[in-house]
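The next block holds one structure in the form of structure tokens; read it before the comments.
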Amino acid sequence: MILRSVLVFGICLAASILESVFPFVFRLSAARADLLLVVVLYLALNDEVIPGAALSLGAGYLSDLTSATPSCLYTVLAVLTFAVVRIGGNAVKTDGGFQSMAVAFVASLVHSTLAAVLFYFVSPGSEGLVLQFPPLLWSAVATAAVAPLVFSVLRRLDKGFVPADAAIRVR
């Protein structure tokens with residue numbers, strides 16, 4: 001299980017690098033796919049509570065390291081997102097595809113809005129509440145577009161760590 005956690009954290013690191021470099025290289029200012037959010041969604045829907053929460057904490061920490069405004073806000077949001085999706089996860093159990101896109105779209109909208117509101121209260125020297133809807137929607141669309149790919153990569157990783165008798169549950 002330690003090897004799986006290291007590999008998932010490696011995927012988080014690669015996702016963090018991709019989501020930081022890709023918009024810079026292609027000069028995308030309005031849309032940014034939140035790959036780490038998709039990893040947290042996958043963990044909330046498919047992982048055990050303690051390992052999933054710990055990996056979500058790590059994903060949030062990586063997001064804090066690569067953000068323009070370093071704080072522990074993304075770490076808190078990642079664990080909060082894990083908890084909320086985990087609680088409501090029985091209603092939205094998804095194996096990928098369109099359903100994962102819908103979950104990622106809604107989660108990205110809520111996550112980005114909550115981040116803007118929290119930054120308003122946490123960062124007293126900031127510009128105020130900056131909540132612009134076109135970039136928020138484009139980021140949600142980009143996050144939803146990459147969700148099936150990220151779910152597929154993580155599902156393939158999980159297949160290698162599932163015992164033979166439990167392999168029927170993971171497709």
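Letters for chains follow the order of the structure tokens (A, B, ...), residue numbers begin at 1 for each chain, and ligand numbers begin at 1 in the order shown.
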
For His111 (chain A): contacts at 10 Å, only C-alpha atoms, fewer than 5 positions along chain excluded, given as an mmCIF file with C-alpha atoms, in the first residue's frame:
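Listed below is the output, part.cif:
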```cif
data_model
loop_
_atom_site.group_PDB
_atom_site.id
_atom_site.type_symbol
_atom_site.label_atom_id
_atom_site.label_comp_id
_atom_site.auth_asym_id
_atom_site.auth_seq_id
_atom_site.Cartn_x
_atom_site.Cartn_y
_atom_site.Cartn_z
ATOM 1 C CA ASP A 34 -7.404 21.633 -12.036
ATOM 2 C CA LEU A 37 -8.866 18.485 -7.881
ATOM 3 C CA TYR A 74 -5.489 24.782 -0.986
ATOM 4 C CA LEU A 77 -9.740 22.970 0.479
ATOM 5 C CA ALA A 78 -8.400 19.631 -0.786
ATOM 6 C CA LEU A 80 -12.561 19.609 2.731
ATOM 7 C CA THR A 81 -13.387 18.586 -0.849
ATOM 8 C CA ALA A 104 -15.563 17.415 -11.936
ATOM 9 C CA PHE A 105 -17.443 20.356 -13.504
ATOM 10 C CA VAL A 106 -19.637 20.931 -10.440
ATOM 11 C CA ALA A 116 -12.217 33.028 -3.953
ATOM 12 C CA VAL A 117 -14.397 33.606 -0.898
ATOM 13 C CA LEU A 136 -14.446 30.170 -13.592
ATOM 14 C CA ALA A 140 -14.591 24.098 -14.882
#
```

Requested in this report: Select from region 39-132 of chain A everything DSSP, run on the backbone, classes as helix (DSSP H, G or I), then give the selection as a PyMOL selection string.
Outcome: chain A and resi 39-46+49-66+73-88+97-122

Quick one: which region 34-67 of chain A residues come within 12 Å of region 141-152 of chain A, and what is the nearest atom pair for each with the distance in Å to one decimal, counting only C-alpha atoms, rows ordered by chain and ascending number, as JSON lines?
```
{"residue": "A:Asp34", "atom": "CA", "partner": "A:Thr143", "partner_atom": "CA", "distance": 5.4}
{"residue": "A:Leu35", "atom": "CA", "partner": "A:Thr143", "partner_atom": "CA", "distance": 6.7}
{"residue": "A:Leu36", "atom": "CA", "partner": "A:Val150", "partner_atom": "CA", "distance": 9.4}
{"residue": "A:Leu37", "atom": "CA", "partner": "A:Thr143", "partner_atom": "CA", "distance": 8.2}
{"residue": "A:Val38", "atom": "CA", "partner": "A:Ala147", "partner_atom": "CA", "distance": 5.9}
{"residue": "A:Val39", "atom": "CA", "partner": "A:Val150", "partner_atom": "CA", "distance": 7.0}
{"residue": "A:Val40", "atom": "CA", "partner": "A:Phe151", "partner_atom": "CA", "distance": 10.4}
{"residue": "A:Leu41", "atom": "CA", "partner": "A:Phe151", "partner_atom": "CA", "distance": 9.0}
{"residue": "A:Tyr42", "atom": "CA", "partner": "A:Phe151", "partner_atom": "CA", "distance": 6.4}
{"residue": "A:Leu43", "atom": "CA", "partner": "A:Phe151", "partner_atom": "CA", "distance": 9.6}
{"residue": "A:Ala44", "atom": "CA", "partner": "A:Phe151", "partner_atom": "CA", "distance": 11.8}
{"residue": "A:Leu45", "atom": "CA", "partner": "A:Phe151", "partner_atom": "CA", "distance": 10.4}
{"residue": "A:Asn46", "atom": "CA", "partner": "A:Phe151", "partner_atom": "CA", "distance": 10.0}
```

Mind writing the picked residues with all heavy atoms as an mmCIF file, in the first residue's frame?
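Written file, part_25.cif:
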```cif
data_model
loop_
_atom_site.group_PDB
_atom_site.id
_atom_site.type_symbol
_atom_site.label_atom_id
_atom_site.label_comp_id
_atom_site.auth_asym_id
_atom_site.auth_seq_id
_atom_site.Cartn_x
_atom_site.Cartn_y
_atom_site.Cartn_z
ATOM 1 N N ASP A 34 -7.870 21.938 -13.387
ATOM 2 C CA ASP A 34 -7.404 21.633 -12.036
ATOM 3 C C ASP A 34 -7.256 20.118 -11.908
ATOM 4 O O ASP A 34 -8.160 19.423 -11.448
ATOM 5 C CB ASP A 34 -8.383 22.192 -11.009
ATOM 6 C CG ASP A 34 -7.794 22.270 -9.621
ATOM 7 O OD1 ASP A 34 -6.724 21.653 -9.402
ATOM 8 O OD2 ASP A 34 -8.380 22.934 -8.763
ATOM 9 N N LEU A 35 -6.095 19.613 -12.311
ATOM 10 C CA LEU A 35 -5.842 18.172 -12.308
ATOM 11 C C LEU A 35 -5.787 17.607 -10.892
ATOM 12 O O LEU A 35 -6.216 16.481 -10.654
ATOM 13 C CB LEU A 35 -4.535 17.870 -13.041
ATOM 14 C CG LEU A 35 -4.489 18.298 -14.511
ATOM 15 C CD1 LEU A 35 -3.107 18.048 -15.087
ATOM 16 C CD2 LEU A 35 -5.536 17.562 -15.314
ATOM 17 N N LEU A 36 -5.255 18.380 -9.959
ATOM 18 C CA LEU A 36 -5.178 17.897 -8.578
ATOM 19 C C LEU A 36 -6.566 17.762 -7.956
ATOM 20 O O LEU A 36 -6.807 16.865 -7.151
ATOM 21 C CB LEU A 36 -4.293 18.808 -7.736
ATOM 22 C CG LEU A 36 -2.808 18.744 -8.090
ATOM 23 C CD1 LEU A 36 -2.023 19.800 -7.329
ATOM 24 C CD2 LEU A 36 -2.241 17.375 -7.817
ATOM 25 N N LEU A 37 -7.495 18.620 -8.349
ATOM 26 C CA LEU A 37 -8.866 18.485 -7.881
ATOM 27 C C LEU A 37 -9.468 17.178 -8.389
ATOM 28 O O LEU A 37 -10.163 16.484 -7.652
ATOM 29 C CB LEU A 37 -9.715 19.677 -8.335
ATOM 30 C CG LEU A 37 -11.207 19.602 -8.006
ATOM 31 C CD1 LEU A 37 -11.437 19.578 -6.501
ATOM 32 C CD2 LEU A 37 -11.950 20.755 -8.651
ATOM 33 N N VAL A 38 -9.175 16.821 -9.622
ATOM 34 C CA VAL A 38 -9.688 15.565 -10.181
ATOM 35 C C VAL A 38 -9.100 14.370 -9.428
ATOM 36 O O VAL A 38 -9.792 13.392 -9.163
ATOM 37 C CB VAL A 38 -9.409 15.481 -11.696
ATOM 38 C CG1 VAL A 38 -9.891 14.160 -12.259
ATOM 39 C CG2 VAL A 38 -10.078 16.633 -12.425
ATOM 40 N N VAL A 39 -7.825 14.452 -9.054
ATOM 41 C CA VAL A 39 -7.212 13.381 -8.269
ATOM 42 C C VAL A 39 -7.911 13.271 -6.911
ATOM 43 O O VAL A 39 -8.222 12.169 -6.451
ATOM 44 C CB VAL A 39 -5.693 13.614 -8.090
ATOM 45 C CG1 VAL A 39 -5.106 12.614 -7.119
ATOM 46 C CG2 VAL A 39 -4.980 13.527 -9.427
ATOM 47 N N VAL A 40 -8.192 14.404 -6.278
ATOM 48 C CA VAL A 40 -8.895 14.390 -4.991
ATOM 49 C C VAL A 40 -10.292 13.794 -5.158
ATOM 50 O O VAL A 40 -10.750 13.012 -4.311
ATOM 51 C CB VAL A 40 -8.954 15.809 -4.380
ATOM 52 C CG1 VAL A 40 -9.884 15.867 -3.178
ATOM 53 C CG2 VAL A 40 -7.563 16.275 -3.979
ATOM 54 N N LEU A 41 -10.977 14.128 -6.248
ATOM 55 C CA LEU A 41 -12.301 13.549 -6.512
ATOM 56 C C LEU A 41 -12.214 12.036 -6.667
ATOM 57 O O LEU A 41 -13.033 11.295 -6.123
ATOM 58 C CB LEU A 41 -12.916 14.169 -7.762
ATOM 59 C CG LEU A 41 -13.298 15.628 -7.683
ATOM 60 C CD1 LEU A 41 -13.776 16.127 -9.044
ATOM 61 C CD2 LEU A 41 -14.355 15.862 -6.629
ATOM 62 N N TYR A 42 -11.220 11.572 -7.412
ATOM 63 C CA TYR A 42 -11.043 10.132 -7.587
ATOM 64 C C TYR A 42 -10.796 9.450 -6.243
ATOM 65 O O TYR A 42 -11.376 8.409 -5.952
ATOM 66 C CB TYR A 42 -9.884 9.831 -8.552
ATOM 67 C CG TYR A 42 -9.672 8.348 -8.734
ATOM 68 C CD1 TYR A 42 -10.417 7.654 -9.671
ATOM 69 C CD2 TYR A 42 -8.758 7.652 -7.964
ATOM 70 C CE1 TYR A 42 -10.252 6.288 -9.836
ATOM 71 C CE2 TYR A 42 -8.581 6.290 -8.114
ATOM 72 C CZ TYR A 42 -9.327 5.613 -9.050
ATOM 73 O OH TYR A 42 -9.166 4.255 -9.195
ATOM 74 N N LEU A 43 -9.921 10.047 -5.443
ATOM 75 C CA LEU A 43 -9.619 9.463 -4.133
ATOM 76 C C LEU A 43 -10.857 9.429 -3.247
ATOM 77 O O LEU A 43 -11.092 8.452 -2.531
ATOM 78 C CB LEU A 43 -8.498 10.251 -3.451
ATOM 79 C CG LEU A 43 -7.128 10.161 -4.101
ATOM 80 C CD1 LEU A 43 -6.173 11.163 -3.465
ATOM 81 C CD2 LEU A 43 -6.570 8.749 -4.019
ATOM 82 N N ALA A 44 -11.667 10.485 -3.283
ATOM 83 C CA ALA A 44 -12.872 10.532 -2.460
ATOM 84 C C ALA A 44 -13.890 9.484 -2.891
ATOM 85 O O ALA A 44 -14.591 8.916 -2.053
ATOM 86 C CB ALA A 44 -13.496 11.921 -2.520
ATOM 87 N N LEU A 45 -13.957 9.221 -4.183
ATOM 88 C CA LEU A 45 -14.957 8.281 -4.685
ATOM 89 C C LEU A 45 -14.485 6.832 -4.676
ATOM 90 O O LEU A 45 -15.308 5.920 -4.704
ATOM 91 C CB LEU A 45 -15.362 8.675 -6.112
ATOM 92 C CG LEU A 45 -16.098 10.000 -6.246
ATOM 93 C CD1 LEU A 45 -16.252 10.379 -7.703
ATOM 94 C CD2 LEU A 45 -17.454 9.933 -5.555
ATOM 95 N N ASN A 46 -13.172 6.595 -4.639
ATOM 96 C CA ASN A 46 -12.677 5.229 -4.837
ATOM 97 C C ASN A 46 -11.685 4.732 -3.795
ATOM 98 O O ASN A 46 -11.237 3.598 -3.898
ATOM 99 C CB ASN A 46 -12.021 5.122 -6.214
ATOM 100 C CG ASN A 46 -13.008 5.351 -7.323
ATOM 101 O OD1 ASN A 46 -14.007 4.663 -7.416
ATOM 102 N ND2 ASN A 46 -12.746 6.339 -8.154
#
```

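Omitting Glu48 (chain A) and its sequence neighbours fewer than 6 positions away, and counting only C-alpha atoms, the residues within 12 Å are Met1, Ser5, Tyr42, Ala54, Leu55, Ser56, Phe82, Ala83 and Arg86 of chain A.
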
Output C-alpha atoms of each residue in that selection to a file, as a PDB file, in the first residue's frame.
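again.pdb written:
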```pdb
ATOM      1  CA  MET A   1       0.000   0.000   0.000  1.00  0.00           C
ATOM      2  CA  SER A   5       0.619   5.911  -2.122  1.00  0.00           C
ATOM      3  CA  TYR A  42     -11.043  10.132  -7.587  1.00  0.00           C
ATOM      4  CA  ALA A  54      -3.754  11.687   3.528  1.00  0.00           C
ATOM      5  CA  LEU A  55      -3.187  11.690  -0.239  1.00  0.00           C
ATOM      6  CA  SER A  56      -5.675  14.565  -0.612  1.00  0.00           C
ATOM      7  CA  PHE A  82     -12.367  15.008  -0.052  1.00  0.00           C
ATOM      8  CA  ALA A  83     -14.642  14.957   2.999  1.00  0.00           C
ATOM      9  CA  ARG A  86     -16.737  11.240   0.367  1.00  0.00           C
TER      10      ARG A  86
END
```
